[in-house]
$ cat final_10.pdb   # PDB, C-alpha atoms, pLDDT in the B column
MODEL        1
ATOM      1  CA  MET A   1       7.014 -20.947   5.109  1.00 43.00           C
ATOM      2  CA  LYS A   2       3.426 -21.197   3.886  1.00 46.00           C
ATOM      3  CA  LYS A   3       2.121 -20.520   7.393  1.00 50.00           C
ATOM      4  CA  ASN A   4       3.828 -17.104   7.412  1.00 50.00           C
ATOM      5  CA  LYS A   5       2.184 -16.144   4.148  1.00 52.00           C
ATOM      6  CA  LYS A   6      -1.192 -17.330   5.407  1.00 50.00           C
ATOM      7  CA  ARG A   7      -0.730 -15.320   8.592  1.00 50.00           C
ATOM      8  CA  GLU A   8       0.232 -12.218   6.596  1.00 52.00           C
ATOM      9  CA  PHE A   9      -2.887 -12.657   4.488  1.00 48.00           C
ATOM     10  CA  GLN A  10      -5.071 -13.051   7.554  1.00 54.00           C
ATOM     11  CA  SER A  11      -3.632  -9.952   9.218  1.00 54.00           C
ATOM     12  CA  SER A  12      -4.112  -8.029   5.989  1.00 74.00           C
ATOM     13  CA  GLU A  13      -7.745  -9.100   5.890  1.00 74.00           C
ATOM     14  CA  LEU A  14      -8.094  -8.102   9.536  1.00 74.00           C
ATOM     15  CA  VAL A  15      -6.767  -4.595   8.787  1.00 73.00           C
ATOM     16  CA  LYS A  16      -9.096  -4.258   5.790  1.00 73.00           C
ATOM     17  CA  SER A  17     -12.051  -5.399   7.873  1.00 78.00           C
ATOM     18  CA  PHE A  18     -11.176  -2.929  10.649  1.00 72.00           C
ATOM     19  CA  ALA A  19     -10.834  -0.117   8.072  1.00 69.00           C
ATOM     20  CA  ARG A  20     -14.224  -0.977   6.584  1.00 73.00           C
ATOM     21  CA  ILE A  21     -15.915  -0.994  10.007  1.00 77.00           C
ATOM     22  CA  HIS A  22     -14.404   2.325  11.096  1.00 70.00           C
ATOM     23  CA  GLY A  23     -14.715   4.060   7.730  1.00 67.00           C
ATOM     24  CA  PHE A  24     -11.129   4.735   6.727  1.00 76.00           C
ATOM     25  CA  GLU A  25     -10.828   2.466   3.715  1.00 80.00           C
ATOM     26  CA  ASP A  26      -9.796   5.460   1.597  1.00 82.00           C
ATOM     27  CA  LYS A  27      -6.808   6.162   3.838  1.00 84.00           C
ATOM     28  CA  LEU A  28      -5.757   2.527   3.677  1.00 82.00           C
ATOM     29  CA  THR A  29      -5.944   2.646  -0.138  1.00 86.00           C
ATOM     30  CA  ALA A  30      -3.926   5.883  -0.103  1.00 88.00           C
ATOM     31  CA  PHE A  31      -1.195   4.094   1.874  1.00 86.00           C
ATOM     32  CA  GLU A  32      -1.205   1.286  -0.691  1.00 87.00           C
ATOM     33  CA  ILE A  33      -0.803   3.852  -3.497  1.00 90.00           C
ATOM     34  CA  LYS A  34       2.093   5.464  -1.652  1.00 91.00           C
ATOM     35  CA  TYR A  35       3.801   2.089  -1.200  1.00 89.00           C
ATOM     36  CA  PHE A  36       3.280   1.391  -4.905  1.00 91.00           C
ATOM     37  CA  LEU A  37       4.911   4.736  -5.776  1.00 91.00           C
ATOM     38  CA  GLU A  38       7.816   3.923  -3.465  1.00 90.00           C
ATOM     39  CA  ASP A  39       8.505   0.785  -5.495  1.00 89.00           C
ATOM     40  CA  TYR A  40       7.778   2.417  -8.852  1.00 90.00           C
ATOM     41  CA  LEU A  41       9.771   5.653  -8.494  1.00 90.00           C
ATOM     42  CA  ASP A  42      13.441   6.233  -7.805  1.00 89.00           C
ATOM     43  CA  GLU A  43      14.172   6.877  -4.107  1.00 90.00           C
ATOM     44  CA  SER A  44      15.120  10.532  -4.682  1.00 90.00           C
ATOM     45  CA  LEU A  45      11.890  11.145  -6.615  1.00 90.00           C
ATOM     46  CA  PHE A  46       9.802   9.369  -4.013  1.00 92.00           C
ATOM     47  CA  MET A  47      11.249  11.601  -1.295  1.00 94.00           C
ATOM     48  CA  GLU A  48       9.624  14.588  -3.066  1.00 93.00           C
ATOM     49  CA  ILE A  49       6.132  13.177  -2.517  1.00 93.00           C
ATOM     50  CA  GLU A  50       4.754  14.800   0.600  1.00 94.00           C
ATOM     51  CA  SER A  51       1.415  13.018   0.869  1.00 93.00           C
ATOM     52  CA  VAL A  52      -1.081  10.795  -0.923  1.00 93.00           C
ATOM     53  CA  ASN A  53      -4.789  10.958  -0.126  1.00 92.00           C
ATOM     54  CA  LEU A  54      -7.965   9.560  -1.594  1.00 89.00           C
ATOM     55  CA  HIS A  55     -11.112  11.664  -1.393  1.00 89.00           C
ATOM     56  CA  GLN A  56     -14.349  10.798  -3.225  1.00 89.00           C
ATOM     57  CA  LYS A  57     -12.504   8.509  -5.678  1.00 89.00           C
ATOM     58  CA  ILE A  58      -9.966  11.241  -6.534  1.00 92.00           C
ATOM     59  CA  ILE A  59      -6.307  10.516  -5.809  1.00 93.00           C
ATOM     60  CA  GLN A  60      -4.602  13.618  -4.406  1.00 95.00           C
ATOM     61  CA  ILE A  61      -0.811  13.600  -4.534  1.00 95.00           C
ATOM     62  CA  LYS A  62       1.060  16.499  -2.936  1.00 95.00           C
ATOM     63  CA  ILE A  63       4.542  16.883  -4.443  1.00 94.00           C
ATOM     64  CA  ASN A  64       7.294  19.287  -3.326  1.00 94.00           C
ATOM     65  CA  SER A  65       9.466  19.213  -6.464  1.00 92.00           C
ATOM     66  CA  PRO A  66       8.221  21.421  -9.330  1.00 93.00           C
ATOM     67  CA  LEU A  67       9.822  19.100 -11.900  1.00 92.00           C
ATOM     68  CA  LEU A  68       8.197  15.949 -10.543  1.00 91.00           C
ATOM     69  CA  LYS A  69       4.907  17.800 -10.126  1.00 94.00           C
ATOM     70  CA  ASN A  70       5.041  18.819 -13.788  1.00 94.00           C
ATOM     71  CA  ASP A  71       5.882  15.251 -14.831  1.00 92.00           C
ATOM     72  CA  PHE A  72       2.863  13.909 -12.926  1.00 93.00           C
ATOM     73  CA  LYS A  73       0.620  16.562 -14.489  1.00 94.00           C
ATOM     74  CA  MET A  74       1.895  15.845 -18.000  1.00 95.00           C
ATOM     75  CA  ARG A  75       1.490  12.077 -17.583  1.00 94.00           C
ATOM     76  CA  LYS A  76      -1.649  12.230 -15.455  1.00 94.00           C
ATOM     77  CA  SER A  77      -3.611   9.737 -17.554  1.00 93.00           C
ATOM     78  CA  PHE A  78      -0.657   7.321 -17.560  1.00 94.00           C
ATOM     79  CA  TYR A  79      -0.389   7.344 -13.761  1.00 93.00           C
ATOM     80  CA  LEU A  80      -4.157   7.137 -13.296  1.00 93.00           C
ATOM     81  CA  LYS A  81      -4.273   4.102 -15.597  1.00 93.00           C
ATOM     82  CA  LYS A  82      -1.391   2.496 -13.629  1.00 92.00           C
ATOM     83  CA  PHE A  83      -3.296   2.959 -10.361  1.00 91.00           C
ATOM     84  CA  GLN A  84      -6.532   1.664 -11.891  1.00 91.00           C
ATOM     85  CA  ASP A  85      -4.755  -1.411 -13.259  1.00 92.00           C
ATOM     86  CA  LYS A  86      -3.112  -2.114  -9.910  1.00 89.00           C
ATOM     87  CA  PHE A  87      -6.011  -1.417  -7.528  1.00 87.00           C
ATOM     88  CA  GLY A  88      -9.161  -1.630  -9.658  1.00 86.00           C
ATOM     89  CA  GLU A  89     -10.784   0.704 -12.129  1.00 85.00           C
ATOM     90  CA  GLU A  90     -13.823   1.351  -9.975  1.00 86.00           C
ATOM     91  CA  LYS A  91     -11.787   2.800  -7.081  1.00 86.00           C
ATOM     92  CA  PHE A  92     -10.497   5.943  -8.836  1.00 88.00           C
ATOM     93  CA  THR A  93     -11.983   8.471 -11.249  1.00 91.00           C
ATOM     94  CA  ASP A  94      -9.306  11.189 -11.326  1.00 93.00           C
ATOM     95  CA  LEU A  95      -5.808  12.162 -10.241  1.00 93.00           C
ATOM     96  CA  LEU A  96      -5.120  15.565  -8.715  1.00 93.00           C
ATOM     97  CA  VAL A  97      -1.501  16.738  -8.384  1.00 94.00           C
ATOM     98  CA  LEU A  98      -0.991  19.424  -5.753  1.00 91.00           C
TER      99      LEU A  98
ENDMDL
END

$ encode --input "final_10.pdb" --output "structure tokens"
Amino acid sequence: MKKNKKREFQSSELVKSFARIHGFEDKLTAFEIKYFLEDYLDESLFMEIESVNLHQKIIQIKINSPLLKNDFKMRKSFYLKKFQDKFGEEKFTDLLVL
């Protein structure tokens, strides 16, 4: 059982190393944010999120639902703090809801 976890960790490190070499670390972090939102939000709410991107330390979340978009805008600092706590404060400076 421990070997599987070690292998998962090694493959994760391999992906991170590959992303660093080829310059798409931001996209990899954006995928991690999207997976975090999938766990954090209800399935129906998560389905309204069209895309998550990271550009120059700004998280850009494109949302289809006007209600969810408004919720993210109203609680912008809350969500930004959640992401900073989860992934590191130095990675993000702002959250942009589109």

$ residues_near_point --input "final_10.pdb" --point "(-15.6, 7.0, -6.7)" --cutoff "9 Å" --atoms "all atoms listed in the file" --output "mmCIF file with C-alpha atoms, in the frame of the given file"
data_model
loop_
_atom_site.group_PDB
_atom_site.id
_atom_site.type_symbol
_atom_site.label_atom_id
_atom_site.label_comp_id
_atom_site.auth_asym_id
_atom_site.auth_seq_id
_atom_site.Cartn_x
_atom_site.Cartn_y
_atom_site.Cartn_z
ATOM 1 C CA HIS A 55 -11.112 11.664 -1.393
ATOM 2 C CA GLN A 56 -14.349 10.798 -3.225
ATOM 3 C CA LYS A 57 -12.504 8.509 -5.678
ATOM 4 C CA ILE A 58 -9.966 11.241 -6.534
ATOM 5 C CA GLU A 90 -13.823 1.351 -9.975
ATOM 6 C CA LYS A 91 -11.787 2.800 -7.081
ATOM 7 C CA PHE A 92 -10.497 5.943 -8.836
ATOM 8 C CA THR A 93 -11.983 8.471 -11.249
ATOM 9 C CA ASP A 94 -9.306 11.189 -11.326
#

$ residues_around --input "final_10.pdb" --residues "range 36-40 of chain A" --least-positions-apart "5" --cutoff "12 Å" --atoms "only C-alpha atoms" --output "ChimeraX atom specification"
/A:29-31,45-52,61,72,79,82-83,85-87

$ atom_distance --input "final_10.pdb" --atom1 "CA of Ser65 in chain A" --atom2 "CA of Ile33 in chain A"
18.7 Å

$ atom_distance --input "final_10.pdb" --atom1 "CA of Leu96 in chain A" --atom2 "CA of Ser12 in chain A"
27.8 Å

$ atom_distance --input "final_10.pdb" --atom1 "CA of Leu68 in chain A" --atom2 "CA of Leu54 in chain A"
19.5 Å

$ resolve_selection --input "final_10.pdb" --expression "the PyMOL selection byres ((chain A and resi 97) around 8)" --output "PDB file with C-alpha atoms, keeping the file's coordinate frame"
ATOM      1  CA  GLN A  60      -4.602  13.618  -4.406  1.00 95.00           C
ATOM      2  CA  ILE A  61      -0.811  13.600  -4.534  1.00 95.00           C
ATOM      3  CA  LYS A  62       1.060  16.499  -2.936  1.00 95.00           C
ATOM      4  CA  ILE A  63       4.542  16.883  -4.443  1.00 94.00           C
ATOM      5  CA  LYS A  69       4.907  17.800 -10.126  1.00 94.00           C
ATOM      6  CA  PHE A  72       2.863  13.909 -12.926  1.00 93.00           C
ATOM      7  CA  LYS A  73       0.620  16.562 -14.489  1.00 94.00           C
ATOM      8  CA  LEU A  95      -5.808  12.162 -10.241  1.00 93.00           C
ATOM      9  CA  LEU A  96      -5.120  15.565  -8.715  1.00 93.00           C
ATOM     10  CA  LEU A  98      -0.991  19.424  -5.753  1.00 91.00           C
TER      11      LEU A  98
END

$ closest_residue --input "final_10.pdb" --among "A:Tyr35, A:Ser44, A:Lys76, A:Glu25" --to "Asn64 in chain A" --atoms "all atoms listed in the file"
A:Ser44

$ closest_residue --input "final_10.pdb" --among "A:Arg75, A:Gly88, A:Asn70, A:Asn53" --to "Phe24 in chain A" --atoms "all atoms listed in the file"
A:Asn53

$ axis_aligned_box --input "final_10.pdb" --around "range 65-78 of chain A" --padding-each-side "6 Å" --output "lines of an AutoDock Vina configuration file"
center_x = 3.1
center_y = 14.4
center_z = -12.2
size_x = 25.4
size_y = 26.1
size_z = 23.5
